[in-house]
Structures are given as structure tokens and as C-alpha cells.
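Structure file protein_26.pdb (PDB, C-alpha atoms and all ligand atoms) follows.
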ATOM      1  CA  MET A1102     -15.220   7.316  11.617  1.00  0.00           C
ATOM      2  CA  ASN A1103     -12.811  10.062  10.599  1.00  0.00           C
ATOM      3  CA  SER A1104     -10.191   7.509   9.526  1.00  0.00           C
ATOM      4  CA  ARG A1105     -12.748   5.637   7.418  1.00  0.00           C
ATOM      5  CA  ARG A1106     -13.759   8.882   5.694  1.00  0.00           C
ATOM      6  CA  LYS A1107     -10.103   9.706   5.063  1.00  0.00           C
ATOM      7  CA  PHE A1108      -9.516   6.213   3.667  1.00  0.00           C
ATOM      8  CA  LEU A1109     -12.463   6.564   1.304  1.00  0.00           C
ATOM      9  CA  GLN A1110     -11.246   9.981   0.153  1.00  0.00           C
ATOM     10  CA  THR A1111      -7.792   8.566  -0.524  1.00  0.00           C
ATOM     11  CA  ALA A1112      -9.227   5.581  -2.357  1.00  0.00           C
ATOM     12  CA  LEU A1113     -11.386   7.828  -4.547  1.00  0.00           C
ATOM     13  CA  VAL A1114      -8.463  10.074  -5.444  1.00  0.00           C
ATOM     14  CA  LEU A1115      -6.317   7.057  -6.326  1.00  0.00           C
ATOM     15  CA  ALA A1116      -9.105   5.401  -8.309  1.00  0.00           C
ATOM     16  CA  GLY A1117      -9.524   8.625 -10.258  1.00  0.00           C
ATOM     17  CA  GLY A1118      -5.807   8.779 -10.905  1.00  0.00           C
ATOM     18  CA  MET A1119      -5.714   5.161 -12.021  1.00  0.00           C
ATOM     19  CA  ALA A1120      -8.653   5.676 -14.348  1.00  0.00           C
ATOM     20  CA  ILE A1121      -6.567   8.039 -16.434  1.00  0.00           C
ATOM     21  CA  SER A1122      -3.180   6.364 -16.031  1.00  0.00           C
ATOM     22  CA  SER A1123      -1.604   3.067 -15.026  1.00  0.00           C
ATOM     23  CA  PRO A1124      -0.532   2.434 -11.405  1.00  0.00           C
ATOM     24  CA  LYS A1125       3.074   2.731 -12.554  1.00  0.00           C
ATOM     25  CA  GLN A1126       2.389   6.239 -13.784  1.00  0.00           C
ATOM     26  CA  VAL A1127       0.474   7.086 -10.626  1.00  0.00           C
ATOM     27  CA  PHE A1128       2.968   5.697  -8.144  1.00  0.00           C
ATOM     28  CA  ALA A1129       6.143   6.535 -10.036  1.00  0.00           C
ATOM     29  CA  GLY A1130       4.928  10.104 -10.208  1.00  0.00           C
ATOM     30  CA  ALA A1131       4.412  10.234  -6.457  1.00  0.00           C
ATOM     31  CA  ASP A1132       5.882  13.737  -6.397  1.00  0.00           C
ATOM     32  CA  SER A1133       2.663  15.000  -7.910  1.00  0.00           C
ATOM     33  CA  TYR A1134       0.668  13.036  -5.329  1.00  0.00           C
ATOM     34  CA  ALA A1135       2.452  14.541  -2.339  1.00  0.00           C
ATOM     35  CA  GLY A1136       0.175  14.479   0.653  1.00  0.00           C
ATOM     36  CA  ILE A1137      -1.844  11.599  -0.820  1.00  0.00           C
ATOM     37  CA  VAL A1138       0.629   8.821  -1.613  1.00  0.00           C
ATOM     38  CA  TYR A1139       3.687   8.343   0.596  1.00  0.00           C
ATOM     39  CA  THR A1140       6.775   6.394  -0.456  1.00  0.00           C
ATOM     40  CA  LYS A1141      10.257   5.726   0.869  1.00  0.00           C
ATOM     41  CA  LYS A1142      11.568   8.419  -1.474  1.00  0.00           C
ATOM     42  CA  ASN A1143       8.719  10.818  -0.741  1.00  0.00           C
ATOM     43  CA  PRO A1144       7.534  10.342   2.844  1.00  0.00           C
ATOM     44  CA  GLY A1145       6.388  13.969   3.089  1.00  0.00           C
ATOM     45  CA  LYS A1146       5.096  14.960   6.496  1.00  0.00           C
ATOM     46  CA  TRP A1147       5.519  11.379   7.693  1.00  0.00           C
ATOM     47  CA  ALA A1148       9.300  11.229   7.195  1.00  0.00           C
ATOM     48  CA  LYS A1149       9.767   9.805  10.707  1.00  0.00           C
ATOM     49  CA  LYS A1150       7.176   7.104  10.018  1.00  0.00           C
ATOM     50  CA  VAL A1151       8.796   5.327   7.075  1.00  0.00           C
ATOM     51  CA  GLY A1152      10.018   2.320   9.078  1.00  0.00           C
ATOM     52  CA  SER A1153       6.616   1.581  10.540  1.00  0.00           C
ATOM     53  CA  HIS A1154       4.494   2.370   7.484  1.00  0.00           C
ATOM     54  CA  LEU A1155       6.312   1.494   4.288  1.00  0.00           C
ATOM     55  CA  PRO A1156       5.123  -1.964   3.212  1.00  0.00           C
ATOM     56  CA  GLN A1157       7.945  -4.508   3.253  1.00  0.00           C
ATOM     57  CA  VAL A1158       7.685  -7.066   0.494  1.00  0.00           C
ATOM     58  CA  THR A1159       9.363 -10.447   0.288  1.00  0.00           C
ATOM     59  CA  VAL A1160       9.084 -12.752  -2.692  1.00  0.00           C
ATOM     60  CA  LYS A1161       9.983 -16.425  -2.496  1.00  0.00           C
ATOM     61  CA  ASP A1162       9.186 -18.597  -5.469  1.00  0.00           C
ATOM     62  CA  LYS A1163       5.639 -17.493  -6.309  1.00  0.00           C
ATOM     63  CA  LYS A1164       4.712 -16.400  -2.787  1.00  0.00           C
ATOM     64  CA  VAL A1165       4.575 -12.703  -1.968  1.00  0.00           C
ATOM     65  CA  THR A1166       4.345 -11.440   1.592  1.00  0.00           C
ATOM     66  CA  ILE A1167       3.578  -7.855   2.519  1.00  0.00           C
ATOM     67  CA  LEU A1168       4.382  -6.802   6.064  1.00  0.00           C
ATOM     68  CA  THR A1169       3.826  -3.403   7.609  1.00  0.00           C
ATOM     69  CA  ASP A1170       5.839  -3.331  10.823  1.00  0.00           C
ATOM     70  CA  HIS A1171       3.235  -1.283  12.665  1.00  0.00           C
ATOM     71  CA  PRO A1172       1.500  -1.825  15.997  1.00  0.00           C
ATOM     72  CA  MET A1173      -2.129  -2.892  15.832  1.00  0.00           C
ATOM     73  CA  GLY A1174      -4.488  -1.312  18.346  1.00  0.00           C
ATOM     74  CA  GLU A1175      -8.031  -0.106  18.694  1.00  0.00           C
ATOM     75  CA  LYS A1176      -7.304   3.517  17.766  1.00  0.00           C
ATOM     76  CA  HIS A1177      -4.320   3.172  15.467  1.00  0.00           C
ATOM     77  CA  TYR A1178      -3.730   0.337  13.057  1.00  0.00           C
ATOM     78  CA  ILE A1179      -3.096  -0.742   9.483  1.00  0.00           C
ATOM     79  CA  VAL A1180      -6.395  -0.940   7.667  1.00  0.00           C
ATOM     80  CA  ARG A1181      -5.523  -2.579   4.371  1.00  0.00           C
ATOM     81  CA  HIS A1182      -2.918  -4.018   2.012  1.00  0.00           C
ATOM     82  CA  THR A1183      -3.132  -4.484  -1.734  1.00  0.00           C
ATOM     83  CA  LEU A1184      -0.779  -5.973  -4.306  1.00  0.00           C
ATOM     84  CA  VAL A1185      -1.137  -4.451  -7.781  1.00  0.00           C
ATOM     85  CA  THR A1186       0.660  -5.040 -11.086  1.00  0.00           C
ATOM     86  CA  ALA A1187       2.093  -2.201 -13.153  1.00  0.00           C
ATOM     87  CA  ASP A1188      -0.813  -2.522 -15.570  1.00  0.00           C
ATOM     88  CA  GLY A1189      -3.375  -2.114 -12.819  1.00  0.00           C
ATOM     89  CA  LYS A1190      -4.412  -5.685 -12.082  1.00  0.00           C
ATOM     90  CA  VAL A1191      -5.125  -6.216  -8.408  1.00  0.00           C
ATOM     91  CA  LEU A1192      -3.488  -9.503  -7.458  1.00  0.00           C
ATOM     92  CA  GLY A1193      -4.859  -9.454  -3.951  1.00  0.00           C
ATOM     93  CA  GLU A1194      -6.028  -7.402  -1.046  1.00  0.00           C
ATOM     94  CA  LYS A1195      -6.524  -7.844   2.661  1.00  0.00           C
ATOM     95  CA  THR A1196      -8.440  -5.769   5.171  1.00  0.00           C
ATOM     96  CA  PHE A1197      -7.196  -5.794   8.746  1.00  0.00           C
ATOM     97  CA  TYR A1198      -8.940  -5.225  12.030  1.00  0.00           C
ATOM     98  CA  PRO A1199      -7.537  -3.562  15.147  1.00  0.00           C
ATOM     99  CA  THR A1200      -7.589  -6.939  16.853  1.00  0.00           C
ATOM    100  CA  ASP A1201      -5.232  -8.516  14.296  1.00  0.00           C
ATOM    101  CA  LYS A1202      -1.826  -9.251  15.789  1.00  0.00           C
ATOM    102  CA  LYS A1203       0.112  -7.890  12.809  1.00  0.00           C
ATOM    103  CA  ALA A1204      -0.407  -6.372   9.384  1.00  0.00           C
ATOM    104  CA  GLU A1205       0.809  -9.172   7.181  1.00  0.00           C
ATOM    105  CA  SER A1206      -0.758 -10.491   4.001  1.00  0.00           C
ATOM    106  CA  ASN A1207       0.189 -13.248   1.588  1.00  0.00           C
ATOM    107  CA  TYR A1208      -0.394 -13.624  -2.125  1.00  0.00           C
ATOM    108  CA  GLU A1209       0.465 -16.026  -4.880  1.00  0.00           C
ATOM    109  CA  LEU A1210       1.874 -14.743  -8.153  1.00  0.00           C
ATOM    110  CA  PRO A1211       0.007 -15.893 -11.247  1.00  0.00           C
ATOM    111  CA  GLN A1212       1.728 -17.694 -14.108  1.00  0.00           C
ATOM    112  CA  GLY A1213       3.663 -15.202 -16.229  1.00  0.00           C
ATOM    113  CA  HIS A1214       3.387 -12.572 -13.539  1.00  0.00           C
ATOM    114  CA  ALA A1215       4.416  -8.975 -14.019  1.00  0.00           C
ATOM    115  CA  SER A1216       7.964  -7.947 -13.199  1.00  0.00           C
ATOM    116  CA  ILE A1217       6.968  -4.797 -11.342  1.00  0.00           C
ATOM    117  CA  LEU A1218       4.470  -4.878  -8.515  1.00  0.00           C
ATOM    118  CA  TYR A1219       3.138  -2.272  -6.129  1.00  0.00           C
ATOM    119  CA  ALA A1220       2.382  -3.037  -2.518  1.00  0.00           C
ATOM    120  CA  THR A1221       0.131  -0.614  -0.687  1.00  0.00           C
ATOM    121  CA  SER A1222      -0.503  -0.152   2.995  1.00  0.00           C
ATOM    122  CA  PHE A1223      -2.995   2.197   4.583  1.00  0.00           C
ATOM    123  CA  CYS A1224      -2.700   3.398   8.185  1.00  0.00           C
ATOM    124  CA  ASN A1225      -5.760   4.984   9.733  1.00  0.00           C
ATOM    125  CA  LYS A1226      -3.603   7.838  11.053  1.00  0.00           C
ATOM    126  CA  HIS A1227      -0.644   8.027   8.705  1.00  0.00           C
ATOM    127  CA  ASP A1228      -2.230   7.607   5.312  1.00  0.00           C
ATOM    128  CA  PHE A1229      -1.506   5.648   2.170  1.00  0.00           C
ATOM    129  CA  TRP A1230       1.940   4.147   1.483  1.00  0.00           C
ATOM    130  CA  VAL A1231       3.282   2.450  -1.625  1.00  0.00           C
ATOM    131  CA  ALA A1232       6.393   0.360  -2.275  1.00  0.00           C
ATOM    132  CA  GLU A1233       7.517  -0.712  -5.735  1.00  0.00           C
ATOM    133  CA  VAL A1234       8.960  -4.197  -6.065  1.00  0.00           C
ATOM    134  CA  LYS A1235      10.756  -5.803  -8.972  1.00  0.00           C
ATOM    135  CA  VAL A1236      10.365  -9.570  -9.109  1.00  0.00           C
TER     136      VAL A1236
HETATM  137 FE    FE B1301       0.397   4.718  11.757  1.00  0.00          FE
END
What's the C-alpha cells form of this structure?
Amino acid sequence: MNSRRKFLQTALVLAGGMAISSPKQVFAGADSYAGIVYTKKNPGKWAKKVGSHLPQVTVKDKKVTILTDHPMGEKHYIVRHTLVTADGKVLGEKTFYPTDKKAESNYELPQGHASILYATSFCNKHDFWVAEVKV
């Protein structure tokens, strides 16, 4: 329950931030979101967790795959992925369950897709991570 509450708090803070600025402004300014948004450049207190929490994005043709190389278990797992354009359009999202074998999600880019995308990954113990991708 605590992880769900934390997720909702994080989501509310991010939604508030996005309401007044674009995702690019929110995520690019991750320094000012220390302790809320974690990135490769700014892993904060989770510096030793980058490899298992930073979403890895591959793009082939119009297919985008987000993978968080993180174990999935009953008490500790990746809760959710999203793929968002720089202007705030959510291209897709996937919610995971502890019983899922891995935290991997797939999306299809729309025609005339944006050149900068943001992949997010939320761990129930190690918070909200964002990776910027240029396609
Ligand atoms: Fe974790």
C-alpha cells in the first residue's frame, strides 16, 4: 500500500509540473526535481540503481521498446512505463504486475512522430525514472 501511495504522490507532483510546463521542461530540468525524478545524469540517492532502473529504449523503424532491467517479484517490481512526446502527448503506457516476467513494453510511433521522446519507469521501491531519447 505504501508503494501505491508513493506512486500516486509522484504522479500528482509530475502532473502538476506538466500542467505548467512541457515534459521537456520538466524532465530536462530534473535538477529542480531532485528526489522526485531520477535520471542517468541525476540519479540522486539511487546512484547505485541506475543500471536496474533507468528505462532502456530501442527504436527500430516505428517500433519503440522500453525495457527496465529489473527483477520482478511480489515485494519489489516495476509498476509502470510510459512513453511521452516533448509536447506532452502520451504515446502509450503499460502497467505491470509482480507476476510479470520482465518490465518491457512496446509502442508504435505515429506518423510524423516527435524527435524527442521521454520514457518513464516507476519502481515501487526506487521511485520514478526518466530517459530522454532522440529518434
Ligand atoms: Fe527497484
Considering all atoms listed in the file, tabulate each residue of chain A that lies at most 6 Å from ligand FE 1301 (chain B) along with its nearest interatomic pair and the corresponding distance in Å to one decimal; arrange the rows by chain and ascending residue number and present them as CSV.
residue,atom,partner,partner_atom,distance
A:Cys1224,CA,B:FE1301,FE,4.9
A:Lys1226,CA,B:FE1301,FE,5.1
A:His1227,CA,B:FE1301,FE,4.6
Dump C-alpha atoms for the selected residues as a PDB file, in the coordinates of the input?
ATOM      1  CA  CYS A1224      -2.700   3.398   8.185  1.00  0.00           C
ATOM      2  CA  LYS A1226      -3.603   7.838  11.053  1.00  0.00           C
ATOM      3  CA  HIS A1227      -0.644   8.027   8.705  1.00  0.00           C
TER       4      HIS A1227
END
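The two atoms in question, atom CA of Gln1157 of chain A and atom CA of His1177 of chain A, are spaced 18.9 Å apart.
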Seminar exercise, completed: Min atom-atom distance to Ala1135 of chain A from the set A:Gly1152, A:Pro1199, A:Leu1218, A:Trp1147, counting all atoms listed in the file, belongs to A:Trp1147
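Ranking A:Ala1215, A:Met1173, A:Val1165, A:Ala1148 by their shortest atom-to-atom distance to Glu1194 of chain A, with all atoms listed in the file included, puts A:Val1165 first.
With distances restricted to all atoms listed in the file, A:Leu1210 is the closest residue to Asp1162 of chain A from A:Ile1217, A:Leu1192, A:Leu1184, A:Leu1210.
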Evaluate the PyMOL selection byres (((chain A and resi 1166-1172) around 9) and not hetatm) here and jot the selected residues down as a PDB file with C-alpha atoms, keeping the file's coordinate frame.
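To be explicit, this is the file written out as selection-v2.pdb:
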ATOM      1  CA  GLY A1152      10.018   2.320   9.078  1.00  0.00           C
ATOM      2  CA  SER A1153       6.616   1.581  10.540  1.00  0.00           C
ATOM      3  CA  HIS A1154       4.494   2.370   7.484  1.00  0.00           C
ATOM      4  CA  LEU A1155       6.312   1.494   4.288  1.00  0.00           C
ATOM      5  CA  PRO A1156       5.123  -1.964   3.212  1.00  0.00           C
ATOM      6  CA  GLN A1157       7.945  -4.508   3.253  1.00  0.00           C
ATOM      7  CA  VAL A1158       7.685  -7.066   0.494  1.00  0.00           C
ATOM      8  CA  THR A1159       9.363 -10.447   0.288  1.00  0.00           C
ATOM      9  CA  VAL A1160       9.084 -12.752  -2.692  1.00  0.00           C
ATOM     10  CA  LYS A1161       9.983 -16.425  -2.496  1.00  0.00           C
ATOM     11  CA  LYS A1164       4.712 -16.400  -2.787  1.00  0.00           C
ATOM     12  CA  VAL A1165       4.575 -12.703  -1.968  1.00  0.00           C
ATOM     13  CA  MET A1173      -2.129  -2.892  15.832  1.00  0.00           C
ATOM     14  CA  GLY A1174      -4.488  -1.312  18.346  1.00  0.00           C
ATOM     15  CA  HIS A1177      -4.320   3.172  15.467  1.00  0.00           C
ATOM     16  CA  TYR A1178      -3.730   0.337  13.057  1.00  0.00           C
ATOM     17  CA  ILE A1179      -3.096  -0.742   9.483  1.00  0.00           C
ATOM     18  CA  HIS A1182      -2.918  -4.018   2.012  1.00  0.00           C
ATOM     19  CA  THR A1183      -3.132  -4.484  -1.734  1.00  0.00           C
ATOM     20  CA  LEU A1184      -0.779  -5.973  -4.306  1.00  0.00           C
ATOM     21  CA  LYS A1202      -1.826  -9.251  15.789  1.00  0.00           C
ATOM     22  CA  LYS A1203       0.112  -7.890  12.809  1.00  0.00           C
ATOM     23  CA  ALA A1204      -0.407  -6.372   9.384  1.00  0.00           C
ATOM     24  CA  GLU A1205       0.809  -9.172   7.181  1.00  0.00           C
ATOM     25  CA  SER A1206      -0.758 -10.491   4.001  1.00  0.00           C
ATOM     26  CA  ASN A1207       0.189 -13.248   1.588  1.00  0.00           C
ATOM     27  CA  TYR A1208      -0.394 -13.624  -2.125  1.00  0.00           C
ATOM     28  CA  GLU A1209       0.465 -16.026  -4.880  1.00  0.00           C
ATOM     29  CA  ALA A1220       2.382  -3.037  -2.518  1.00  0.00           C
ATOM     30  CA  THR A1221       0.131  -0.614  -0.687  1.00  0.00           C
ATOM     31  CA  SER A1222      -0.503  -0.152   2.995  1.00  0.00           C
ATOM     32  CA  CYS A1224      -2.700   3.398   8.185  1.00  0.00           C
TER      33      CYS A1224
END
Exercise. Atom CA of Lys1150 of chain A and atom CA of Gly1193 of chain A, how far apart in Å?
Worked result: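 Taking atom CA of Gly1193 of chain A as the start and atom CA of Lys1150 of chain A as the end point, the length is 24.8 Å.
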Problem set entry | Computed interatomic separation between atom CA of Tyr1139 of chain A and atom CA of Glu1233 of chain A (Å) |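 Between atom CA of Tyr1139 of chain A and atom CA of Glu1233 of chain A the gap works out to 11.7 Å.
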Exercise. Between A:Ile1137, A:Val1151, A:Val1231, A:Val1191, which one has atoms that come closest to Pro1211 of chain A, using only C-alpha atoms?
Worked result: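 Answer, going by the shortest atom-to-atom distance: A:Val1191.
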